[in-house]
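**Q** Handing you a structure now.
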Amino acid sequence: MSKEKEKKENPYSSTVILPNTDFLMKADLAKREPLLIEKWVKENTFGKMKESRVGAKKFVLHDGPPYANGNFHVGHALNKILKDIIIKSKHLSGFYTDMIPGWDCHGLPIEVQVLKNLGKNASSTSPSELRKKCREYATEFVQKQGDDLSRFLCVWDKERKYLTMSRDYESKIVDTFGKLFKEGYIFKGKKPVYWSVDLATAHAEAEIEYYNVTSPSIYVKFQAEGKPDLFCLIWTTTPWTLPANLAISFNKEIEYSIYQSDSHGKLILADGLKESVESKTGVVLKKIQPITSEEISKLKFIHPFIDRISIPLFGRHVTLDAGTGCVHTAPGHGVDDYKVGLEAGLEPFSPVDDRGRYTDEFLPMKGINIFEANPKIIELLKEKNSLLFETKLEHSYPHSWRSKKPLIFRATPQWFFSIDKNDLRKNSLSAIDKVNWIPNWGITRIRSMVENRPDWCLSRQRNWGVPIPAFKCEDCEETYITNESISFFTELVQKDGIEIWYEKVAKDLLPPNTVCQKCKGRNFTKENDILDVWFDSGVSNFAVLEDNPKEPPADLYLEGTDQHRGWFQSSLWPSMALRKFPPYKSVLTHGYVLDEKGHAMSKSLGNVMNPTTDIINVYGADILRLWVSSQDFRDDVKIGKDAVKIIGEQYRKIRNTFRYLLGNLNKYTLDGIPKKENLSELDRYFLSLLSNLSTEILQSYSNYQFHSVYHKLLNFCSVDLSGEYFEIIRDSLYCDKIDSGVRISHIQSLAVILETLTIL
């Protein structure tokens, strides 16, 4: 209808001042947002943000690098959007904000995927070609994930990112390793580590997931030497480790006795577990006499099927939680076993190769997979009349986070980061107490992990990563590594890149005239191990943040709660060792993203929500961002189609509020803050509500309680404004003279509300 026709049909239309704005009712976010991203890039929005705060107090959020492997999932979206909200809110609060996005480019996830992509050609691919393809693969997904980051409407500088595979970063990894070696934190030793038999490499604690498995549960008799009718009763769920048994462990604080069994002779076990053993095995036990720790220490026990003596040891790791109180001890296949064996001078013995097969150190089953050997071991025990009872037990067991296959403890020569050198553990625990952990239970979680963790196994038996710059003397096989050799290699990496390790022979990677410290030989070969990728990301605060800081260089680390045992720790140890303070002032964690029913997302369940295809391409990134801001992310959060639809409806309420404000303020520009005496009592009341809201919201931003911000804003827009204020002032806005005092009061108030809400 033309304006003239409308005027004829409604002669009073010109007397009504209706809202008028180009701000559309329908957002059409999925189509409009890409144009907005182009505009940001073209206008250098992020650069201008930083320029506007030059000289202001800095706020540094250090980005934990995700693996350059696959597109971002909804958990990544939660993490990256939270970081973006913090960066932007701190900027609006007057800070010079800095966050350099990073990517973890080495390691198993990428190498395994590349090998999978190679298919039949994997076995014939040379190590150098494999590394080249890994680099190409990582580069591809850095680009894809960077595009995802932009599509999340996160403002970042594509020219300013860090990659753990860049030359500068790799040289910093080697340099930091060298400094730690110089300070005595790095050593090579043979001790049990988590080992993946299918991937043939060691694993760090941060690379472990626990799943329930069903294992054999057996009670085994070890005969006391010289006492044919006296046995020590042990319990184990890993029969395959029995060939490595060297001892039986007891606890001096536990009371033991000799019990008469109905058909298994006399048995030594803990008094506190007698009833448990009876109920689980059905064997009736009658106490004969107590046996003291001193008496036990004088006994020796005969291995059930190997011509070997197992000696008694004592340790506090022996408890009354389960079993018999007499613990089968194989120093080559358990951390506690290793520790108690080390005190007794026992070498860690492991007759198992890197693929989980018995070696010729256990000839009867040489070449047999250890897990397949369990029933064979049990049959052997039966033949020797050493098996008292067998059953099955479902329990939690460590698995590789990458292959999802069971791990074992296996003693192999590895490179370690000593956690107790120079009181590092003690000092780290003290430093943890000074960090602001959000939520506050985070301090309890990380303290328990730091208190109990073993030395950090740094070496990996793979191809794609930063090599450990160690050599072996060809004449005496002694390991060679010195401060000078590491410094020499670091300079080579800075100049020519990490591939020089693989391109040159050992003598060209060592300082001139290098001789073996043991035999004075001059011929060396390179070792083959690479560094744990957690070490790569753990030195990011050295490689990316301020050089030689006087205090923690990052104001905030923000990652998932699983990083208490991952990046938060791998960043802590090098920083504490070399700088004597942690790399972060505050650590904020978020939970996992679950489906609407609270289940973990998985392809097999069909409940995975892709942030791009399922949300952004349908509803727009703003809806995804609003969902993030609406969640109390300190706990696990839920998402699904219904949840996204609800957020979409709430978004429309907020959008309509802004549309109403813009429509009534058509071309009006607020010139300073209006004077109270010029405002109506009604306007003053709602502006006071706005002022209180602003105070509460700024406090919520400061406390990272974005869900509180969201719900307060939503309530203010939909209830206080749309439900009350707008209804009350509508007649005045539409029908009063354009220059009437009351209407001007309302307009000025609307302008203040619009400006304030836009900032909030």
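Ordered as shown in the structure tokens, chains take letters A, B, and onward, while each chain numbers its residues from 1 and ligands are numbered from 1 in the order shown.
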Just want the 8 Å neighbourhood of A:Arg135, counted on only C-alpha atoms, with same-chain residues fewer than 4 positions away dropped. Output as JSON, numbers by chain.
**A** {"A": [105, 131, 139, 165]}
**Q** Residues as selected, C-alpha atoms, written as a PDB file, in the first residue's frame, can you do that?
**A**
ATOM      1  CA  CYS A 105      50.607 -30.517  16.052  1.00  0.00           C
ATOM      2  CA  ARG A 131      56.621 -37.030   9.196  1.00  0.00           C
ATOM      3  CA  THR A 139      48.542 -27.934   8.628  1.00  0.00           C
ATOM      4  CA  MET A 165      55.486 -27.802  14.924  1.00  0.00           C
TER       5      MET A 165
END
**Q** Fewer than 2 positions away in the same chain doesn't count, so skip those; otherwise give me all residues within 6 Å of A:Ser350, counting only C-alpha atoms, as a compact mmCIF listing (two decimals) with N, CA and C atoms, in the first residue's frame.
**A**
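Heads up, here's the output in around18.txt:
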# COMPACT_ATOMS: atom_id res chain seq x y z
N ALA A 244 56.98 -62.68 36.15
CA ALA A 244 57.90 -61.61 36.55
C ALA A 244 57.95 -61.43 38.06
N GLY A 332 58.95 -55.17 37.66
CA GLY A 332 58.93 -54.72 36.27
C GLY A 332 57.55 -54.41 35.75
N VAL A 352 58.59 -59.27 28.80
CA VAL A 352 57.55 -58.93 27.83
C VAL A 352 58.11 -57.92 26.84
**Q** Which residues come within 7 Å of stretch 678-687 of chain A, counting only C-alpha atoms, excluding same-chain residues fewer than 4 positions away, as JSON, numbers by chain?
**A** {"A": [691, 742, 745, 746, 749]}
**Q** Any chance you could export the current selection's C-alpha atoms as a short mmCIF file (atom, residue, chain, number, x, y, z; two decimals), in the first residue's frame?
**A**
data_model
loop_
_atom_site.label_atom_id
_atom_site.label_comp_id
_atom_site.auth_asym_id
_atom_site.auth_seq_id
_atom_site.Cartn_x
_atom_site.Cartn_y
_atom_site.Cartn_z
CA SER A 691 21.95 0.63 37.13
CA VAL A 742 7.38 13.30 28.92
CA SER A 745 12.22 11.80 28.97
CA HIS A 746 11.21 8.36 27.67
CA SER A 749 15.84 6.76 28.95
#
**Q** Which residues in stretch 443-535 of chain A does DSSP call strand (DSSP E)? List them as an NGL selection string.
**A** :A and (456-457 or 459-460 or 471-473 or 479-480 or 524-526 or 530-531)
**Q** How about saving the chosen residues, C-alpha atoms kept, as an mmCIF file, in the first residue's frame?
**A**
data_model
loop_
_atom_site.group_PDB
_atom_site.id
_atom_site.type_symbol
_atom_site.label_atom_id
_atom_site.label_comp_id
_atom_site.auth_asym_id
_atom_site.auth_seq_id
_atom_site.Cartn_x
_atom_site.Cartn_y
_atom_site.Cartn_z
ATOM 1 C CA TRP A 456 56.884 -37.910 34.345
ATOM 2 C CA CYS A 457 57.779 -40.313 31.535
ATOM 3 C CA SER A 459 59.906 -40.445 26.013
ATOM 4 C CA ARG A 460 57.732 -41.944 23.304
ATOM 5 C CA PHE A 471 73.077 -40.434 21.548
ATOM 6 C CA LYS A 472 74.574 -43.862 22.171
ATOM 7 C CA CYS A 473 78.275 -44.656 22.068
ATOM 8 C CA THR A 479 74.047 -42.976 26.573
ATOM 9 C CA TYR A 480 75.609 -39.635 25.699
ATOM 10 C CA PHE A 524 77.873 -42.369 18.119
ATOM 11 C CA THR A 525 74.392 -43.256 16.917
ATOM 12 C CA LYS A 526 71.211 -41.297 17.521
ATOM 13 C CA ILE A 530 60.651 -38.452 20.774
ATOM 14 C CA LEU A 531 59.259 -36.204 23.498
#
**Q** Quick one: of A:Thr359, A:Thr514, A:Asn528, A:Thr613, who's nearest to A:Pro127, counting only C-alpha atoms?
**A** A:Asn528
**Q** Give me, as a ChimeraX atom specification, all polymer residues having an atom no more than 9 Å from A:Pro553, counting only C-alpha atoms and skipping those fewer than 3 positions away in the same chain.
**A** /A:60,62,541,545-547,549-550,582-585
**Q** Could you pull out all residues of stretch 308-361 of chain A with a DSSP call of alpha helix (DSSP H) and give them as an NGL selection string?
**A** :A and (335-343)
**Q** Given the selection you just returned, output its residues as a file containing C-alpha atoms, formatted as a PDB file, in the first residue's frame.
**A**
ATOM      1  CA  VAL A 335      54.911 -48.722  40.327  1.00  0.00           C
ATOM      2  CA  ASP A 336      54.545 -49.817  43.964  1.00  0.00           C
ATOM      3  CA  ASP A 337      56.266 -53.098  43.114  1.00  0.00           C
ATOM      4  CA  TYR A 338      59.131 -51.152  41.566  1.00  0.00           C
ATOM      5  CA  LYS A 339      59.506 -48.840  44.557  1.00  0.00           C
ATOM      6  CA  VAL A 340      59.509 -51.578  47.184  1.00  0.00           C
ATOM      7  CA  GLY A 341      61.788 -53.700  45.014  1.00  0.00           C
ATOM      8  CA  LEU A 342      64.200 -50.814  44.493  1.00  0.00           C
ATOM      9  CA  GLU A 343      64.634 -50.458  48.255  1.00  0.00           C
TER      10      GLU A 343
END
**Q** Using only C-alpha atoms, determine which residues lie at most 8 Å from A:Trp464, disregarding the query and same-chain residues fewer than 4 positions distant; provide the list as a ChimeraX atom specification.
**A** /A:106-108,111,130-131,134,530
**Q** For a quick check of understanding, using only C-alpha atoms, which of A:Arg167, A:Lys191, A:Lys300, A:Lys266 has the smallest distance to A:Ala543?
**A**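 The shortest atom-to-atom distance to A:Ala543 comes from A:Arg167.
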**Q** So that I can see what lies close to stretch 399-403 of chain A, please list as a PDB file with C-alpha atoms, in the first residue's frame the residues with an atom at most 10 Å from it, counting only C-alpha atoms and leaving out residues fewer than 3 positions away in the same chain.
**A**
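Listing of selection_35.pdb after writing:
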ATOM      1  CA  LEU A 108      49.921 -40.035  18.434  1.00  0.00           C
ATOM      2  CA  PRO A 109      46.496 -38.664  17.405  1.00  0.00           C
ATOM      3  CA  VAL A 112      47.807 -42.762  13.976  1.00  0.00           C
ATOM      4  CA  TYR A 194      52.077 -47.284  31.227  1.00  0.00           C
ATOM      5  CA  TRP A 195      52.659 -49.111  27.967  1.00  0.00           C
ATOM      6  CA  SER A 196      50.432 -49.599  24.928  1.00  0.00           C
ATOM      7  CA  VAL A 197      51.126 -52.995  23.360  1.00  0.00           C
ATOM      8  CA  ASP A 198      49.127 -52.179  20.219  1.00  0.00           C
ATOM      9  CA  LEU A 199      50.859 -48.817  19.644  1.00  0.00           C
ATOM     10  CA  ALA A 202      54.829 -45.448  26.555  1.00  0.00           C
ATOM     11  CA  HIS A 203      51.899 -43.346  27.756  1.00  0.00           C
ATOM     12  CA  ALA A 204      51.700 -40.476  30.220  1.00  0.00           C
ATOM     13  CA  GLU A 205      49.073 -40.420  32.958  1.00  0.00           C
ATOM     14  CA  ALA A 206      47.228 -37.705  31.043  1.00  0.00           C
ATOM     15  CA  GLU A 207      46.803 -40.100  28.103  1.00  0.00           C
ATOM     16  CA  ILE A 208      44.904 -42.710  30.096  1.00  0.00           C
ATOM     17  CA  GLU A 209      41.201 -43.439  30.244  1.00  0.00           C
ATOM     18  CA  TYR A 210      39.543 -45.978  32.520  1.00  0.00           C
ATOM     19  CA  TYR A 211      36.976 -48.512  31.372  1.00  0.00           C
ATOM     20  CA  ASN A 212      35.448 -51.512  33.076  1.00  0.00           C
ATOM     21  CA  SER A 396      38.151 -50.354  36.252  1.00  0.00           C
ATOM     22  CA  PRO A 406      44.138 -51.934  27.628  1.00  0.00           C
ATOM     23  CA  LEU A 407      47.503 -50.688  28.855  1.00  0.00           C
ATOM     24  CA  ILE A 408      50.043 -52.547  30.936  1.00  0.00           C
TER      25      ILE A 408
END
**Q** Excluding stretch 376-378 of chain A and any residue of its chain fewer than 5 positions from it, enumerate the residues within 8 Å of it, using only C-alpha atoms, and give them as an mmCIF file with C-alpha atoms, in the first residue's frame.
**A**
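Wrote it out as around12.cif, contents follow:
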data_model
loop_
_atom_site.group_PDB
_atom_site.id
_atom_site.type_symbol
_atom_site.label_atom_id
_atom_site.label_comp_id
_atom_site.auth_asym_id
_atom_site.auth_seq_id
_atom_site.Cartn_x
_atom_site.Cartn_y
_atom_site.Cartn_z
ATOM 1 C CA PRO A 239 48.071 -63.799 36.032
ATOM 2 C CA TRP A 240 50.314 -62.848 33.104
ATOM 3 C CA LEU A 387 45.867 -72.449 42.432
#
**Q** Give the answer as one residue: which of A:Phe417, A:Tyr725, A:Phe716, A:Tyr619 has the shortest atom-to-atom distance to A:Tyr185, using only C-alpha atoms?
**A**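 Among the listed residues, the smallest separation from A:Tyr185 belongs to A:Phe417.
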**Q** With only C-alpha atoms as the atoms that count, which of A:Asn715, A:Gln145, A:Thr490, A:Ser630 lies nearest to A:Asp104?
**A** A:Gln145
